[in-house]
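Here the structure is laid out as structure tokens; the discussion comes afterwards.
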Amino acid sequence: MKKIMLVNPHPPGRHGEESISVIVQMPLNLAYIAALTPGDDWEFDVVDENLELALDDSEENITFAPPDIVAITALTYQAPRAYKIAQAAKKHGCTTIMGGIHTSVSSEEALQYADTVITGEAETVWPQVIKDFENGKLQRRYDGGLPHLSVLKRVYPDRELMRRKYGYKFSSIITTKGCPNRCDFCSVPTFQGQKFRERPYEDVLDEMAATTYKGLMFAEDNFYGHGARSAERAKNLFRGMIERDLKKDWLGFTALNISQDAEALSLMRKSGNFGFLVGIESTNPEVLKKMGKRVNLKLGATNYKDCIKKIHDAGLIVWASVVFGADGDDKDSFKKMVDFVYDCKVDILTYGLDCPFPKTPLFYRLDSEKRLFRKNFPEDWVYYETANVVHKFVDMTLDDFVDGMQYVYDHVYAGDSIRKRFRTSMQETGDPRNSMFALRVSQDWDQVFLQVLENLHKLQASGDYYKDCYAGTSKTISLPA
Ligand code: SF4
């Protein structure tokens, strides 16, 4: 038997969304790779570095027996670790193949470390990659493009491989991809395209029925969509979950426009939904304008309270996802956000620090304004995630920002705050299961928040924020292809 090791890299010591234990998820894209591999003469293993390390303490040796192929996925912050793993695996004669978002951002960079790179979505090209490997004709590059999601019909990710190894409690499931909007910080339109791709809902229902996973996270950024047609498709999905009595406990991401669709909310509750993550981003219309967050502008920030009440009235919890540190945020923004949480009775507040992910409009703008202070790539990619600051603020100082984040922690997370919000969730939704879910997410996010504060204090002490990375040159960053 030939062997493929599937690797999800992770910088040791980081706590991010992956630290939220109630939704700890398997790396679904690697589970797809296992399912898509043709032939019966391959065996698979997986290393998820959230749970065990792929490199020893020297970071030069792999911790597993060398397989034929090491397949590594990477988001941007994972890329430096992925490169180390690829280099260590190559020393043992393994063939290394890299995919994932960062490889699409920077395939030339990834090719310096891996034998082969896959850009775009791997579903359509992976069988060919394996055939070429078996025939000794492996190419350096493959591009999977952005296929119609009907390609996922009856190709179900090998969740059992993942569960056997690590016992993941939740899995994710793909129902849509892509977004027609262009919020400046968001990498979804860049990597999944600006066409909203909807998987046929019957295919999603078949996959739900085929998995024994009860806890499911809809993997995409918007399961509800952008118009009447996509809303009807989403409701057909929820109806199917009820009619087939699938008994899933699920959550997902969408936009606040869903609050205006009482039928959708009712069907969601009946189909097992806890509630959903919604991109609030900011309560300041000027900030929303700069970001290009059109859906929130259309609803109007002053209507957030009414939208959230409608969701609560349907028995669902509201997981507000916001951004701190965007242009237009100043030292008063933090108190305003805390006031918003209590005034609107938000069940869960999580956030990202405004991050210029490579090849997003925000990245190009901040670079053209010479405001990035982390640009020693590839090492500095590790900071390009939402728990670190990588750019200089214009409307406040770094100290204002750190004090503001501490204020949010003290008022939304510290002391009795989490329990207080749980009691409010119970009152607002009347649903103990959904309120308890919100409580557990907040308890886990507490650890993530503390890590963010630690990162910020380290940044203050290091002086890196004040470095002029553009000194001596008028040039902005030229990202590798
Ligand atoms: S933040 Fe949401 S609405 Fe904006 S581009 Fe990303 S996925 Fe689309």
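Identifiers in this document derive from the order of the structure tokens: chains are assigned A, B, ..., residues are numbered from 1 separately in each chain, and ligands are numbered from 1 in order of occurrence.
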
Check which residues of chain A sit at most 8 Å from ligand 1 using only C-alpha atoms and all ligand atoms, and return one row each with the closest pair of atoms and their distance in Å to one decimal, ordered by chain and rising number, as a Markdown table.
| residue | atom | partner | partner_atom_place_in_ligand_line | distance |
| --- | --- | --- | --- | --- |
| A:Gly178 | CA | ligand 1 | 7 (S) | 7.2 |
| A:Cys179 | CA | ligand 1 | 8 (Fe) | 4.7 |
| A:Pro180 | CA | ligand 1 | 8 (Fe) | 6.4 |
| A:Asn181 | CA | ligand 1 | 5 (S) | 4.6 |
| A:Arg182 | CA | ligand 1 | 5 (S) | 4.3 |
| A:Cys183 | CA | ligand 1 | 4 (Fe) | 4.2 |
| A:Asp184 | CA | ligand 1 | 5 (S) | 7.3 |
| A:Phe185 | CA | ligand 1 | 1 (S) | 7.3 |
| A:Cys186 | CA | ligand 1 | 6 (Fe) | 4.5 |
| A:Ser187 | CA | ligand 1 | 6 (Fe) | 6.6 |
| A:Val188 | CA | ligand 1 | 6 (Fe) | 5.4 |
| A:Pro189 | CA | ligand 1 | 5 (S) | 5.9 |
| A:Asp221 | CA | ligand 1 | 7 (S) | 5.1 |
| A:Asn222 | CA | ligand 1 | 7 (S) | 6.5 |
| A:Thr254 | CA | ligand 1 | 2 (Fe) | 7.6 |
| A:Ala255 | CA | ligand 1 | 3 (S) | 7.1 |
| A:Gly279 | CA | ligand 1 | 1 (S) | 6.6 |
| A:Gly292 | CA | ligand 1 | 4 (Fe) | 7.6 |
| A:Lys293 | CA | ligand 1 | 4 (Fe) | 5.8 |
| A:Arg294 | CA | ligand 1 | 3 (S) | 7.6 |
| A:Val295 | CA | ligand 1 | 3 (S) | 7.0 |

Problem set entry | Test item: residues at most 9 Å from region 374-381 of chain A, only C-alpha atoms, excluding those fewer than 4 positions along its chain, as a list in words | Thr76, Tyr77, Gln78, Ala79, Pro80, Arg81, Glu109, Glu385, Val389, Val390, His391, Asp464, Tyr465, Cys469 and Ile477 of chain A

Output the selection as a JSON list (two decimals), in the first residue's frame - N, CA and C atoms for each residue.
[["chain", "number", "residue", "atom", "x", "y", "z"],
["A", 76, "THR", "N", -3.04, 31.63, 5.39],
["A", 76, "THR", "CA", -1.84, 32.45, 5.38],
["A", 76, "THR", "C", -1.01, 32.31, 6.66],
["A", 77, "TYR", "N", -1.65, 32.37, 7.84],
["A", 77, "TYR", "CA", -0.86, 32.32, 9.08],
["A", 77, "TYR", "C", -0.19, 30.96, 9.26],
["A", 78, "GLN", "N", -0.70, 29.93, 8.60],
["A", 78, "GLN", "CA", -0.12, 28.59, 8.71],
["A", 78, "GLN", "C", 1.05, 28.37, 7.75],
["A", 79, "ALA", "N", 1.23, 29.29, 6.79],
["A", 79, "ALA", "CA", 2.18, 29.03, 5.70],
["A", 79, "ALA", "C", 3.62, 28.81, 6.20],
["A", 80, "PRO", "N", 4.16, 29.66, 7.10],
["A", 80, "PRO", "CA", 5.55, 29.42, 7.51],
["A", 80, "PRO", "C", 5.74, 28.02, 8.12],
["A", 81, "ARG", "N", 4.76, 27.59, 8.92],
["A", 81, "ARG", "CA", 4.84, 26.26, 9.53],
["A", 81, "ARG", "C", 4.72, 25.18, 8.43],
["A", 109, "GLU", "N", 5.83, 31.35, -4.17],
["A", 109, "GLU", "CA", 6.48, 31.21, -2.85],
["A", 109, "GLU", "C", 6.36, 29.75, -2.39],
["A", 385, "GLU", "N", -3.33, 37.03, 10.66],
["A", 385, "GLU", "CA", -4.58, 36.42, 11.12],
["A", 385, "GLU", "C", -5.19, 37.43, 12.08],
["A", 389, "VAL", "N", -1.97, 42.57, 15.28],
["A", 389, "VAL", "CA", -2.01, 43.81, 14.49],
["A", 389, "VAL", "C", -0.80, 43.80, 13.57],
["A", 390, "VAL", "N", -1.00, 44.12, 12.29],
["A", 390, "VAL", "CA", 0.14, 44.17, 11.36],
["A", 390, "VAL", "C", 0.23, 45.52, 10.65],
["A", 391, "HIS", "N", -0.70, 46.45, 10.99],
["A", 391, "HIS", "CA", -0.66, 47.75, 10.33],
["A", 391, "HIS", "C", -0.81, 48.87, 11.34],
["A", 464, "ASP", "N", 8.06, 46.94, 17.60],
["A", 464, "ASP", "CA", 7.93, 46.63, 16.16],
["A", 464, "ASP", "C", 6.91, 47.53, 15.46],
["A", 465, "TYR", "N", 5.89, 47.92, 16.21],
["A", 465, "TYR", "CA", 4.81, 48.72, 15.62],
["A", 465, "TYR", "C", 5.36, 50.02, 15.03],
["A", 469, "CYS", "N", 9.01, 50.04, 7.88],
["A", 469, "CYS", "CA", 9.42, 48.96, 6.98],
["A", 469, "CYS", "C", 9.60, 49.45, 5.55],
["A", 477, "ILE", "N", 5.01, 46.69, -1.40],
["A", 477, "ILE", "CA", 5.29, 45.26, -1.46],
["A", 477, "ILE", "C", 4.86, 44.68, -2.79]]

For this session: Find the residue from A:Gln87, A:Ser266, A:Asn303, A:Ser171 that sits nearest to Pro157 (chain A); use only C-alpha atoms when measuring.
Result: A:Ser171

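Rounded to one decimal, CA of Lys165 (chain A) and CA of Asp444 (chain A) lie 22.9 Å from each other.
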
Problem set entry | Residue contacts of region 414-417 of chain A (12 Å, only C-alpha atoms) excluding same-chain residues fewer than 6 positions away, as a PyMOL selection string | chain A and resi 338+341-342+347-349+406-408+423-424+439+442-443+445-447+449-450

Convert the current residue selection to file output with C-alpha atoms, as a CSV table (one decimal), in the first residue's frame.
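What landed in selection-v4.csv:
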chain,number,residue,atom,x,y,z
A,338,VAL,CA,-19.7,47.3,24.7
A,341,VAL,CA,-23.6,44.3,23.1
A,342,TYR,CA,-25.7,45.1,26.2
A,347,ASP,CA,-25.4,36.5,23.0
A,348,ILE,CA,-21.9,36.0,21.8
A,349,LEU,CA,-19.3,38.7,20.9
A,406,GLN,CA,-8.8,45.6,27.6
A,407,TYR,CA,-11.9,47.7,28.2
A,408,VAL,CA,-13.9,45.3,26.0
A,423,ARG,CA,-29.0,34.8,31.8
A,424,THR,CA,-30.0,37.5,29.2
A,439,LEU,CA,-22.3,30.3,27.1
A,442,SER,CA,-18.1,32.6,25.2
A,443,GLN,CA,-16.2,30.5,27.8
A,445,TRP,CA,-13.5,32.6,23.5
A,446,ASP,CA,-12.2,33.9,26.8
A,447,GLN,CA,-9.0,32.0,26.2
A,449,PHE,CA,-9.3,37.0,24.0
A,450,LEU,CA,-6.5,36.5,26.6

Exercise. When you draw a straight line from CA of Tyr113 (chain A) to CA of Ile4 (chain A), how long is it in Å?
Worked result: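 Between these atoms lies a distance of 17.9 Å.
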
Problem set entry | Distance query Thr386 (chain A) at most 12 Å, only C-alpha atoms, self and fewer than 3 positions along chain excluded, as a PyMOL selection string | chain A and resi 14-17+76-77+185-186+321-326+350-357+381-383+389-391+448-449+451-452+455-456

Exercise. Any idea what's packed within 6 Å of His312 (chain A), counting only C-alpha atoms, ignoring anything in its chain fewer than 4 positions away? Could you give it as a list in words?
Worked result: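 Here the answer would be Leu316, Glu428 and Thr429 of chain A.
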
Exercise. Which of these residues is nearest to Pro147 (chain A), using only C-alpha atoms: A:Phe44, A:Gln192, A:Leu366, A:Ser104?
Worked result: A:Gln192

Can you tell me, as a CSV table (one decimal) with C-alpha atoms, in the first residue's frame, which residues in region 201-434 of chain A count as alpha helix (DSSP H) by DSSP?
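Final output, states.csv:
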chain,number,residue,atom,x,y,z
A,201,TYR,CA,-29.8,21.5,-1.6
A,202,GLU,CA,-30.8,17.9,-2.2
A,203,ASP,CA,-27.1,17.0,-2.4
A,204,VAL,CA,-26.5,18.7,0.9
A,205,LEU,CA,-29.4,16.8,2.5
A,206,ASP,CA,-28.1,13.5,1.1
A,207,GLU,CA,-24.7,14.2,2.6
A,208,MET,CA,-26.3,15.1,5.9
A,209,ALA,CA,-28.2,11.9,5.9
A,210,ALA,CA,-25.0,9.9,5.1
A,228,ALA,CA,-35.2,35.9,-3.0
A,229,ARG,CA,-34.0,32.9,-5.1
A,230,SER,CA,-31.2,32.0,-2.8
A,231,ALA,CA,-33.4,32.5,0.3
A,232,GLU,CA,-35.9,30.1,-1.2
A,233,ARG,CA,-33.1,27.5,-1.8
A,234,ALA,CA,-31.9,27.9,1.8
A,235,LYS,CA,-35.5,27.4,3.1
A,236,ASN,CA,-35.8,24.3,1.0
A,237,LEU,CA,-32.7,23.0,2.7
A,238,PHE,CA,-34.2,23.6,6.1
A,239,ARG,CA,-37.5,22.1,5.1
A,240,GLY,CA,-35.7,19.0,3.9
A,241,MET,CA,-33.9,18.7,7.2
A,242,ILE,CA,-37.2,18.8,9.0
A,243,GLU,CA,-39.0,16.5,6.6
A,262,ALA,CA,-39.6,35.1,9.8
A,263,GLU,CA,-40.3,31.9,7.9
A,264,ALA,CA,-36.6,31.2,7.4
A,265,LEU,CA,-35.9,31.8,11.2
A,266,SER,CA,-38.8,29.5,12.1
A,267,LEU,CA,-37.6,26.7,9.8
A,268,MET,CA,-34.1,27.1,11.1
A,269,ARG,CA,-35.1,26.6,14.7
A,270,LYS,CA,-37.2,23.5,13.8
A,285,PRO,CA,-21.7,53.8,9.4
A,286,GLU,CA,-18.6,55.6,8.4
A,287,VAL,CA,-16.5,52.6,9.2
A,288,LEU,CA,-18.9,50.3,7.4
A,289,LYS,CA,-18.7,52.6,4.4
A,290,LYS,CA,-14.9,52.4,4.4
A,291,MET,CA,-15.0,48.6,4.6
A,294,ARG,CA,-23.1,47.1,1.9
A,295,VAL,CA,-25.5,44.7,3.4
A,296,ASN,CA,-25.2,46.3,6.9
A,297,LEU,CA,-25.4,49.8,5.4
A,298,LYS,CA,-28.5,48.9,3.6
A,299,LEU,CA,-30.2,47.6,6.8
A,304,TYR,CA,-29.4,46.2,14.4
A,305,LYS,CA,-31.4,46.1,17.7
A,306,ASP,CA,-34.6,45.4,15.9
A,307,CYS,CA,-33.0,42.7,13.7
A,308,ILE,CA,-31.5,41.0,16.7
A,309,LYS,CA,-34.8,41.1,18.6
A,310,LYS,CA,-36.4,39.3,15.6
A,311,ILE,CA,-33.8,36.5,15.8
A,312,HIS,CA,-34.2,36.2,19.5
A,313,ASP,CA,-38.0,36.0,19.2
A,333,SER,CA,-15.2,52.9,19.6
A,334,PHE,CA,-14.6,50.2,22.2
A,335,LYS,CA,-17.1,51.6,24.7
A,336,LYS,CA,-19.6,52.0,21.9
A,337,MET,CA,-19.2,48.3,21.1
A,338,VAL,CA,-19.7,47.3,24.7
A,339,ASP,CA,-22.8,49.4,24.9
A,340,PHE,CA,-24.1,47.8,21.7
A,341,VAL,CA,-23.6,44.3,23.1
A,342,TYR,CA,-25.7,45.1,26.2
A,343,ASP,CA,-28.2,47.3,24.5
A,344,CYS,CA,-29.0,44.8,21.8
A,361,PRO,CA,-8.4,45.4,-1.3
A,362,LEU,CA,-7.3,46.2,2.3
A,363,PHE,CA,-3.9,44.7,1.8
A,364,TYR,CA,-3.2,46.8,-1.3
A,365,ARG,CA,-4.5,50.0,0.2
A,366,LEU,CA,-2.6,49.7,3.5
A,367,ASP,CA,0.6,48.8,1.5
A,368,SER,CA,0.1,51.8,-0.8
A,398,LEU,CA,-1.4,51.6,19.7
A,399,ASP,CA,-1.8,52.4,23.4
A,400,ASP,CA,-5.4,53.6,22.8
A,401,PHE,CA,-6.0,50.4,21.0
A,402,VAL,CA,-4.6,48.1,23.7
A,403,ASP,CA,-6.5,50.0,26.4
A,404,GLY,CA,-9.7,49.8,24.3
A,405,MET,CA,-9.4,46.0,23.9
A,406,GLN,CA,-8.8,45.6,27.6
A,407,TYR,CA,-11.9,47.7,28.2
A,408,VAL,CA,-13.9,45.3,26.0
A,409,TYR,CA,-12.5,42.3,27.8
A,410,ASP,CA,-13.2,43.7,31.2
A,411,HIS,CA,-16.9,44.5,30.4
A,412,VAL,CA,-17.8,41.6,28.1
A,417,SER,CA,-20.0,39.0,32.4
A,418,ILE,CA,-20.3,35.7,30.6
A,419,ARG,CA,-22.9,34.3,33.1
A,420,LYS,CA,-24.8,37.6,33.0
A,421,ARG,CA,-25.0,37.4,29.2
A,422,PHE,CA,-26.2,33.7,29.6
A,423,ARG,CA,-29.0,34.8,31.8
A,424,THR,CA,-30.0,37.5,29.2
A,425,SER,CA,-29.9,34.8,26.4
A,426,MET,CA,-32.2,32.7,28.4
A,427,GLN,CA,-34.6,35.6,28.9
A,428,GLU,CA,-34.5,36.7,25.2
A,429,THR,CA,-34.6,33.3,23.4
A,432,PRO,CA,-31.9,26.6,27.2
A,433,ARG,CA,-30.0,24.5,24.6
A,434,ASN,CA,-29.2,27.5,22.5

For this session: Calculate how many Å separate CA of Pro11 (chain A) from CA of Glu49 (chain A), rounding to one decimal.
Result: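 Interatomic distance, CA of Pro11 (chain A) to CA of Glu49 (chain A): 7.9 Å.
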
For this session: Could you pull out the residues in region 241-312 of chain A that DSSP calls strand (DSSP E or B) from the backbone, as a PyMOL selection string?
Result: chain A and resi 249-254+273-281

Can I get the selected residues back with N, CA and C atoms, as a PDB file, in the first residue's frame?
ATOM      1  N   ASP A 249     -27.698  19.215  14.979  1.00  0.00           N
ATOM      2  CA  ASP A 249     -27.490  20.444  15.752  1.00  0.00           C
ATOM      3  C   ASP A 249     -26.554  21.291  14.901  1.00  0.00           C
ATOM      4  N   TRP A 250     -27.032  22.418  14.409  1.00  0.00           N
ATOM      5  CA  TRP A 250     -26.192  23.095  13.431  1.00  0.00           C
ATOM      6  C   TRP A 250     -26.111  24.596  13.667  1.00  0.00           C
ATOM      7  N   LEU A 251     -25.054  25.158  13.102  1.00  0.00           N
ATOM      8  CA  LEU A 251     -24.929  26.620  13.070  1.00  0.00           C
ATOM      9  C   LEU A 251     -24.207  27.010  11.792  1.00  0.00           C
ATOM     10  N   GLY A 252     -24.197  28.306  11.523  1.00  0.00           N
ATOM     11  CA  GLY A 252     -23.542  28.760  10.302  1.00  0.00           C
ATOM     12  C   GLY A 252     -23.359  30.269  10.343  1.00  0.00           C
ATOM     13  N   PHE A 253     -22.873  30.793   9.243  1.00  0.00           N
ATOM     14  CA  PHE A 253     -22.645  32.239   9.108  1.00  0.00           C
ATOM     15  C   PHE A 253     -23.641  32.799   8.103  1.00  0.00           C
ATOM     16  N   THR A 254     -24.135  33.969   8.381  1.00  0.00           N
ATOM     17  CA  THR A 254     -24.884  34.664   7.343  1.00  0.00           C
ATOM     18  C   THR A 254     -24.907  36.161   7.650  1.00  0.00           C
ATOM     19  N   ASN A 273     -31.186  24.410  14.370  1.00  0.00           N
ATOM     20  CA  ASN A 273     -30.199  25.491  14.407  1.00  0.00           C
ATOM     21  C   ASN A 273     -30.093  26.103  15.815  1.00  0.00           C
ATOM     22  N   PHE A 274     -28.836  26.369  16.233  1.00  0.00           N
ATOM     23  CA  PHE A 274     -28.615  27.070  17.504  1.00  0.00           C
ATOM     24  C   PHE A 274     -28.846  28.583  17.357  1.00  0.00           C
ATOM     25  N   GLY A 275     -28.493  29.073  16.181  1.00  0.00           N
ATOM     26  CA  GLY A 275     -28.406  30.503  15.919  1.00  0.00           C
ATOM     27  C   GLY A 275     -27.285  30.659  14.911  1.00  0.00           C
ATOM     28  N   PHE A 276     -26.784  31.869  14.743  1.00  0.00           N
ATOM     29  CA  PHE A 276     -25.773  31.998  13.688  1.00  0.00           C
ATOM     30  C   PHE A 276     -24.822  33.149  13.933  1.00  0.00           C
ATOM     31  N   LEU A 277     -23.688  33.036  13.266  1.00  0.00           N
ATOM     32  CA  LEU A 277     -22.708  34.122  13.266  1.00  0.00           C
ATOM     33  C   LEU A 277     -23.121  35.150  12.243  1.00  0.00           C
ATOM     34  N   VAL A 278     -23.064  36.384  12.656  1.00  0.00           N
ATOM     35  CA  VAL A 278     -23.448  37.428  11.729  1.00  0.00           C
ATOM     36  C   VAL A 278     -22.380  38.527  11.747  1.00  0.00           C
ATOM     37  N   GLY A 279     -21.996  38.951  10.555  1.00  0.00           N
ATOM     38  CA  GLY A 279     -20.921  39.949  10.458  1.00  0.00           C
ATOM     39  C   GLY A 279     -21.448  41.337  10.754  1.00  0.00           C
ATOM     40  N   ILE A 280     -21.451  41.719  12.027  1.00  0.00           N
ATOM     41  CA  ILE A 280     -21.860  43.073  12.419  1.00  0.00           C
ATOM     42  C   ILE A 280     -20.763  44.062  11.998  1.00  0.00           C
ATOM     43  N   GLU A 281     -19.535  43.644  12.186  1.00  0.00           N
ATOM     44  CA  GLU A 281     -18.299  44.395  11.853  1.00  0.00           C
ATOM     45  C   GLU A 281     -18.163  45.686  12.649  1.00  0.00           C
TER      46      GLU A 281
END

Problem set entry | Residue nearest Pro38 (chain A) among A:Val125, A:Ala54, A:Ile258, A:Met436 (counting only C-alpha atoms) |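 Using only C-alpha atoms, the shortest distance to Pro38 (chain A) belongs to A:Val125.
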
Problem set entry | Non-local contacts of Thr73 (chain A) (7 Å; only C-alpha atoms; under 2 positions in same chain excluded) as a list of chain:residue names |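 Counting only C-alpha atoms, the residues come to A:Val7, A:Asn8, A:Ala71, A:Met98, A:Gly99, A:Gly100.
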
Exercise. So which residues touch Val70 (chain A) within 12 Å, counting only C-alpha atoms, skipping near sequence neighbours fewer than 4 positions away, as a PyMOL selection string?
Worked result: chain A and resi 2-9+30+33+44-47+54+62+64-66+82-83+85-99+114-117
